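work.cif, holding mmCIF, C-alpha atoms, pLDDT in the B column; chains and numbers go by the auth columns:
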data_model
#
loop_
_atom_site.group_PDB
_atom_site.id
_atom_site.type_symbol
_atom_site.label_atom_id
_atom_site.label_comp_id
_atom_site.label_asym_id
_atom_site.label_seq_id
_atom_site.Cartn_x
_atom_site.Cartn_y
_atom_site.Cartn_z
_atom_site.B_iso_or_equiv
_atom_site.auth_seq_id
_atom_site.auth_asym_id
ATOM 1 C CA VAL A 1 157.060 -160.472 50.189 93.00 256 M
ATOM 2 C CA ALA A 2 156.242 -157.150 51.810 94.00 257 M
ATOM 3 C CA VAL A 3 156.952 -156.228 55.420 93.00 258 M
ATOM 4 C CA MET A 4 155.189 -153.249 56.914 91.00 259 M
ATOM 5 C CA ASP A 5 154.648 -152.417 60.574 80.00 260 M
ATOM 6 C CA ALA A 6 150.975 -152.371 61.513 76.00 261 M
ATOM 7 C CA ASP A 7 151.112 -149.075 63.404 75.00 262 M
ATOM 8 C CA LEU A 8 149.940 -147.017 60.389 77.00 263 M
ATOM 9 C CA GLN A 9 153.162 -144.992 60.288 83.00 264 M
ATOM 10 C CA HIS A 10 154.293 -146.274 56.887 86.00 265 M
ATOM 11 C CA ASP A 11 153.036 -144.902 53.585 86.00 266 M
ATOM 12 C CA GLU A 12 151.221 -147.813 51.948 91.00 267 M
ATOM 13 C CA THR A 13 150.904 -145.810 48.721 91.00 268 M
ATOM 14 C CA ARG A 14 154.622 -146.593 48.123 94.00 269 M
ATOM 15 C CA LEU A 15 153.886 -150.344 47.820 95.00 270 M
ATOM 16 C CA PRO A 16 153.067 -150.291 44.056 96.00 271 M
ATOM 17 C CA THR A 17 156.363 -148.501 43.324 96.00 272 M
ATOM 18 C CA MET A 18 158.239 -151.011 45.454 96.00 273 M
ATOM 19 C CA LEU A 19 156.545 -153.946 43.724 97.00 274 M
ATOM 20 C CA ALA A 20 157.256 -152.515 40.269 97.00 275 M
ATOM 21 C CA LEU A 21 160.981 -152.298 41.073 97.00 276 M
ATOM 22 C CA LEU A 22 160.979 -155.992 42.012 97.00 277 M
ATOM 23 C CA GLN A 23 158.894 -157.071 39.024 96.00 278 M
ATOM 24 C CA ASP A 24 161.031 -155.101 36.577 95.00 279 M
ATOM 25 C CA GLY A 25 164.121 -156.899 37.896 94.00 280 M
ATOM 26 C CA LYS A 26 165.726 -153.656 39.073 94.00 281 M
ATOM 27 C CA ALA A 27 166.030 -154.867 42.660 97.00 282 M
ATOM 28 C CA ASP A 28 165.974 -157.937 44.894 97.00 283 M
ATOM 29 C CA LEU A 29 165.106 -155.831 47.926 98.00 284 M
ATOM 30 C CA VAL A 30 163.301 -152.493 48.065 98.00 285 M
ATOM 31 C CA VAL A 31 163.498 -150.505 51.288 97.00 286 M
ATOM 32 C CA GLY A 32 161.081 -147.766 52.291 95.00 287 M
ATOM 33 C CA SER A 33 163.582 -145.271 53.649 92.00 288 M
ATOM 34 C CA ARG A 34 163.213 -142.273 55.905 90.00 289 M
ATOM 35 C CA TYR A 35 166.833 -141.261 55.352 89.00 290 M
ATOM 36 C CA VAL A 36 167.159 -140.822 51.589 91.00 291 M
ATOM 37 C CA SER A 37 166.318 -137.695 49.622 92.00 292 M
ATOM 38 C CA GLY A 38 162.559 -137.200 49.709 92.00 293 M
ATOM 39 C CA GLY A 39 162.123 -139.306 52.852 89.00 294 M
ATOM 40 C CA SER A 40 161.385 -137.946 56.287 83.00 295 M
ATOM 41 C CA ALA A 41 161.234 -138.919 59.947 80.00 296 M
ATOM 42 C CA ASP A 42 159.857 -135.560 61.090 76.00 297 M
ATOM 43 C CA SER A 43 157.322 -137.276 63.341 71.00 298 M
ATOM 44 C CA PHE A 44 160.170 -138.505 65.607 74.00 299 M
ATOM 45 C CA ASP A 45 160.951 -136.560 68.747 69.00 300 M
ATOM 46 C CA LYS A 46 164.616 -135.632 69.240 78.00 301 M
ATOM 47 C CA GLN A 47 165.346 -138.631 71.469 76.00 302 M
ATOM 48 C CA ARG A 48 163.855 -141.181 69.088 75.00 303 M
ATOM 49 C CA LEU A 49 165.498 -139.589 66.056 78.00 304 M
ATOM 50 C CA GLY A 50 168.865 -139.560 67.823 82.00 305 M
ATOM 51 C CA GLY A 51 168.493 -143.201 68.842 80.00 306 M
ATOM 52 C CA SER A 52 167.475 -144.226 65.340 80.00 307 M
ATOM 53 C CA LEU A 53 170.365 -142.382 63.709 85.00 308 M
ATOM 54 C CA PHE A 54 172.839 -143.782 66.259 87.00 309 M
ATOM 55 C CA ALA A 55 171.633 -147.369 65.716 87.00 310 M
ATOM 56 C CA THR A 56 171.757 -146.856 61.948 89.00 311 M
ATOM 57 C CA SER A 57 175.295 -145.483 62.108 91.00 312 M
ATOM 58 C CA LEU A 58 176.450 -148.278 64.410 89.00 313 M
ATOM 59 C CA ALA A 59 174.961 -150.995 62.193 88.00 314 M
ATOM 60 C CA LYS A 60 176.390 -149.475 59.029 91.00 315 M
ATOM 61 C CA ARG A 61 179.899 -149.166 60.466 91.00 316 M
ATOM 62 C CA LEU A 62 180.137 -152.467 62.299 90.00 317 M
ATOM 63 C CA LEU A 63 178.333 -154.635 59.768 91.00 318 M
ATOM 64 C CA HIS A 64 179.503 -152.775 56.632 91.00 319 M
ATOM 65 C CA ILE A 65 175.958 -152.179 55.429 90.00 320 M
ATOM 66 C CA ASP A 66 175.350 -149.759 52.583 90.00 321 M
ATOM 67 C CA VAL A 67 171.676 -148.999 53.231 94.00 322 M
ATOM 68 C CA ALA A 68 170.577 -145.574 54.431 93.00 323 M
ATOM 69 C CA ASP A 69 167.794 -146.964 56.657 92.00 324 M
ATOM 70 C CA PRO A 70 168.605 -150.531 57.811 91.00 325 M
ATOM 71 C CA MET A 71 166.250 -150.088 60.782 87.00 326 M
ATOM 72 C CA SER A 72 163.226 -149.616 58.525 90.00 327 M
ATOM 73 C CA GLY A 73 160.198 -151.761 59.196 88.00 328 M
ATOM 74 C CA PHE A 74 158.982 -151.145 55.642 93.00 329 M
ATOM 75 C CA PHE A 75 160.486 -153.186 52.813 96.00 330 M
ATOM 76 C CA MET A 76 159.759 -155.670 50.069 97.00 331 M
ATOM 77 C CA ILE A 77 161.954 -158.598 49.003 97.00 332 M
ATOM 78 C CA ARG A 78 161.739 -161.212 46.269 96.00 333 M
ATOM 79 C CA ARG A 79 160.479 -164.412 47.853 96.00 334 M
ATOM 80 C CA ASP A 80 163.174 -166.575 46.257 96.00 335 M
ATOM 81 C CA ARG A 81 165.887 -164.302 47.708 96.00 336 M
ATOM 82 C CA PHE A 82 164.280 -164.409 51.152 96.00 337 M
ATOM 83 C CA GLU A 83 164.021 -168.205 51.068 96.00 338 M
ATOM 84 C CA LYS A 84 167.699 -168.460 50.131 96.00 339 M
ATOM 85 C CA LEU A 85 168.753 -166.205 53.031 96.00 340 M
ATOM 86 C CA ALA A 86 166.275 -167.465 55.654 94.00 341 M
ATOM 87 C CA PRO A 87 168.331 -170.451 56.901 93.00 342 M
ATOM 88 C CA SER A 88 171.241 -168.112 57.681 90.00 343 M
ATOM 89 C CA LEU A 89 169.231 -165.465 59.540 91.00 344 M
ATOM 90 C CA SER A 90 170.042 -164.941 63.192 84.00 345 M
ATOM 91 C CA VAL A 91 167.877 -166.009 66.094 78.00 346 M
ATOM 92 C CA GLN A 92 169.047 -162.862 67.902 73.00 347 M
ATOM 93 C CA GLY A 93 167.316 -159.501 67.685 68.00 348 M
ATOM 94 C CA PHE A 94 164.174 -158.468 65.876 70.00 349 M
ATOM 95 C CA LYS A 95 165.201 -156.138 63.036 84.00 350 M
ATOM 96 C CA ILE A 96 164.618 -158.470 60.118 89.00 351 M
ATOM 97 C CA LEU A 97 165.748 -155.964 57.469 94.00 352 M
ATOM 98 C CA LEU A 98 169.078 -155.434 59.220 92.00 353 M
ATOM 99 C CA ASP A 99 169.480 -159.193 59.541 92.00 354 M
ATOM 100 C CA LEU A 100 168.655 -159.766 55.854 95.00 355 M
ATOM 101 C CA VAL A 101 171.068 -157.121 54.592 95.00 356 M
ATOM 102 C CA ALA A 102 173.885 -158.246 56.905 92.00 357 M
ATOM 103 C CA THR A 103 173.342 -161.900 56.001 93.00 358 M
ATOM 104 C CA ALA A 104 173.289 -161.153 52.259 95.00 359 M
ATOM 105 C CA GLN A 105 176.752 -159.540 52.525 91.00 360 M
ATOM 106 C CA GLY A 106 176.243 -157.394 49.435 92.00 361 M
ATOM 107 C CA SER A 107 174.604 -160.065 47.266 94.00 362 M
ATOM 108 C CA LEU A 108 171.250 -158.261 47.073 96.00 363 M
ATOM 109 C CA ARG A 109 170.476 -155.512 44.575 97.00 364 M
ATOM 110 C CA ILE A 110 168.930 -152.957 46.916 97.00 365 M
ATOM 111 C CA VAL A 111 166.902 -149.894 45.967 97.00 366 M
ATOM 112 C CA GLU A 112 165.638 -147.433 48.546 96.00 367 M
ATOM 113 C CA VAL A 113 162.469 -145.448 47.967 96.00 368 M
ATOM 114 C CA PRO A 114 161.702 -142.416 50.092 95.00 369 M
ATOM 115 C CA PHE A 115 158.685 -142.236 52.337 91.00 370 M
ATOM 116 C CA THR A 116 157.490 -139.943 55.083 87.00 371 M
ATOM 117 C CA PHE A 117 157.224 -141.700 58.418 83.00 372 M
ATOM 118 C CA GLY A 118 153.844 -140.748 59.839 79.00 373 M
ATOM 119 C CA SER A 119 152.738 -140.038 63.373 72.00 374 M
ATOM 120 C CA ARG A 120 151.604 -142.993 65.448 66.00 375 M
ATOM 121 C CA LEU A 121 147.812 -143.208 65.493 62.00 376 M
ATOM 122 C CA TYR A 122 147.402 -146.331 67.628 61.00 377 M
ATOM 123 C CA GLY A 123 149.456 -148.270 70.140 58.00 378 M
ATOM 124 C CA GLU A 124 152.760 -147.428 71.747 61.00 379 M
ATOM 125 C CA SER A 125 156.358 -147.606 70.643 60.00 380 M
ATOM 126 C CA LYS A 126 158.191 -150.830 71.475 59.00 381 M
ATOM 127 C CA LEU A 127 161.396 -148.882 72.021 58.00 382 M
ATOM 128 C CA ASP A 128 162.754 -149.648 75.480 57.00 383 M
ATOM 129 C CA SER A 129 165.916 -151.072 77.037 63.00 384 M
ATOM 130 C CA LEU A 130 165.010 -154.635 75.968 68.00 385 M
ATOM 131 C CA VAL A 131 164.712 -153.517 72.352 69.00 386 M
ATOM 132 C CA VAL A 132 168.139 -151.885 72.607 72.00 387 M
ATOM 133 C CA MET A 133 169.525 -155.165 73.996 74.00 388 M
ATOM 134 C CA ASP A 134 167.881 -157.088 71.132 77.00 389 M
ATOM 135 C CA PHE A 135 169.487 -154.720 68.629 75.00 390 M
ATOM 136 C CA LEU A 136 172.915 -155.095 70.240 76.00 391 M
ATOM 137 C CA GLY A 137 172.407 -158.862 70.346 77.00 392 M
ATOM 138 C CA LEU A 138 171.722 -158.929 66.610 78.00 393 M
ATOM 139 C CA VAL A 139 174.788 -156.814 65.828 80.00 394 M
ATOM 140 C CA LEU A 140 176.934 -159.068 68.034 80.00 395 M
ATOM 141 C CA ALA A 141 175.489 -162.203 66.414 79.00 396 M
ATOM 142 C CA LYS A 142 176.218 -160.892 62.926 81.00 397 M
ATOM 143 C CA LEU A 143 179.740 -159.807 63.883 81.00 398 M
ATOM 144 C CA THR A 144 180.529 -163.268 65.293 78.00 399 M
ATOM 145 C CA HIS A 145 178.549 -165.264 62.694 78.00 400 M
ATOM 146 C CA ASP A 146 176.178 -166.392 65.483 75.00 401 M
ATOM 147 C CA LEU A 147 179.004 -167.912 67.543 76.00 402 M
ATOM 148 C CA VAL A 148 178.540 -165.573 70.517 72.00 403 M
ATOM 149 C CA SER A 149 175.151 -164.552 71.822 72.00 404 M
ATOM 150 C CA LEU A 150 174.308 -161.565 73.972 69.00 405 M
ATOM 151 C CA ARG A 151 172.645 -163.953 76.428 74.00 406 M
ATOM 152 C CA PHE A 152 175.972 -165.781 76.848 78.00 407 M
ATOM 153 C CA LEU A 153 177.874 -162.519 77.358 75.00 408 M
ATOM 154 C CA LEU A 154 175.367 -161.332 79.972 76.00 409 M
ATOM 155 C CA PHE A 155 175.560 -164.727 81.711 84.00 410 M
ATOM 156 C CA ALA A 156 179.369 -164.501 81.744 84.00 411 M
ATOM 157 C CA LEU A 157 179.242 -160.904 83.019 84.00 412 M
ATOM 158 C CA ILE A 158 176.930 -161.848 85.898 91.00 413 M
ATOM 159 C CA GLY A 159 179.111 -164.860 86.711 91.00 414 M
ATOM 160 C CA THR A 160 182.212 -162.661 86.697 91.00 415 M
ATOM 161 C CA LEU A 161 180.472 -160.129 88.933 92.00 416 M
ATOM 162 C CA GLY A 162 179.515 -162.931 91.347 92.00 417 M
ATOM 163 C CA LEU A 163 183.093 -164.178 91.350 92.00 418 M
ATOM 164 C CA ALA A 164 184.385 -160.659 92.065 92.00 419 M
ATOM 165 C CA VAL A 165 181.965 -160.252 94.988 93.00 420 M
ATOM 166 C CA HIS A 166 182.964 -163.679 96.335 91.00 421 M
ATOM 167 C CA LEU A 167 186.699 -162.914 96.068 92.00 422 M
ATOM 168 C CA ALA A 168 186.198 -159.483 97.671 92.00 423 M
ATOM 169 C CA ALA A 169 184.327 -161.104 100.576 92.00 424 M
ATOM 170 C CA LEU A 170 187.119 -163.684 101.002 91.00 425 M
ATOM 171 C CA TYR A 171 189.751 -160.949 100.886 90.00 426 M
ATOM 172 C CA THR A 172 188.027 -158.944 103.635 91.00 427 M
ATOM 173 C CA VAL A 173 187.614 -162.035 105.848 87.00 428 M
ATOM 174 C CA ILE A 174 191.215 -163.183 105.487 81.00 429 M
#

Give the structure from the file, written as structure tokens.
Amino acid sequence: VAVMDADLQHDETRLPTMLALLQDGKADLVVGSRYVSGGSADSFDKQRLGGSLFATSLAKRLLHIDVADPMSGFFMIRRDRFEKLAPSLSVQGFKILLDLVATAQGSLRIVEVPFTFGSRLYGESKLDSLVVMDFLGLVLAKLTHDLVSLRFLLFALIGTLGLAVHLAALYTVI
């Protein structure tokens, strides 16, 4: 099964190489990576590159992931391996590769192939504060084995803030 964003920024000519690695039994998951030797994310502006590298570093450290580009939207996985992992995937977040690798907990043979991330020809980037929250939600879900959701934490934070305002108002009245 191949996953490739539809924004024309991924190098589709890498697909045969990725498929060959799966068919030859050399990998269960092949990742098109911007951050291995021969790969490039030169089309990113400084802010996007910094955000991508920060998210990658955070995911690798917190989730103990040994993939250079876990934020990639360009990968190929054996269908049987995906079907085995699918029931354990998180309902939080949107980065399916990160979710797959974190869920597999080292059980996948992963090979990364370099590719040059192209300039966006159509559409706009989805990167905004909600995407950042989705990413953090996925990391939190994986860290807690889906026991704690970001939605719950935000609900609790707002409730705590409301309680603090209420207590402050009572304190000033009394």

Let me make sure I understand: among M:Val387, M:Leu409, M:Met273, M:Val258, which one has the smallest atom-to-atom distance to Phe370 of chain M if we use all atoms listed in the file?
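Closest to Phe370 of chain M of all the choices is M:Met273.
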
Calculate, to one decimal in Å, the centre and edge lengths of the box along x, y and z of the file that holds all listed atoms of segment 317-324 of chain M with 6 Å of margin on each side, and present them as AutoDock Vina command-line options.
--center_x 174.0 --center_y -150.1 --center_z 57.4 --size_x 24.3 --size_y 21.1 --size_z 21.7

Ranking M:Thr268, M:Ser327, M:Gln347, M:Gln302 by minimum distance to Phe407 of chain M and counting all atoms listed in the file, which one comes first?
M:Gln347

Minimum-distance residue to Pro369 of chain M, chosen among M:Val291, M:Leu353, M:Leu263, M:Ala257 (using all atoms listed in the file)
M:Val291

d(atom CA of Met331 of chain M, atom CA of Leu352 of chain M) in Å
9.5 Å

Just checking: using all atoms listed in the file, which residue out of M:His421, M:Lys281, M:Arg336, M:Lys350 ends up closest to Leu393 of chain M?
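So, comparing all the options, the nearest one is M:Lys350.
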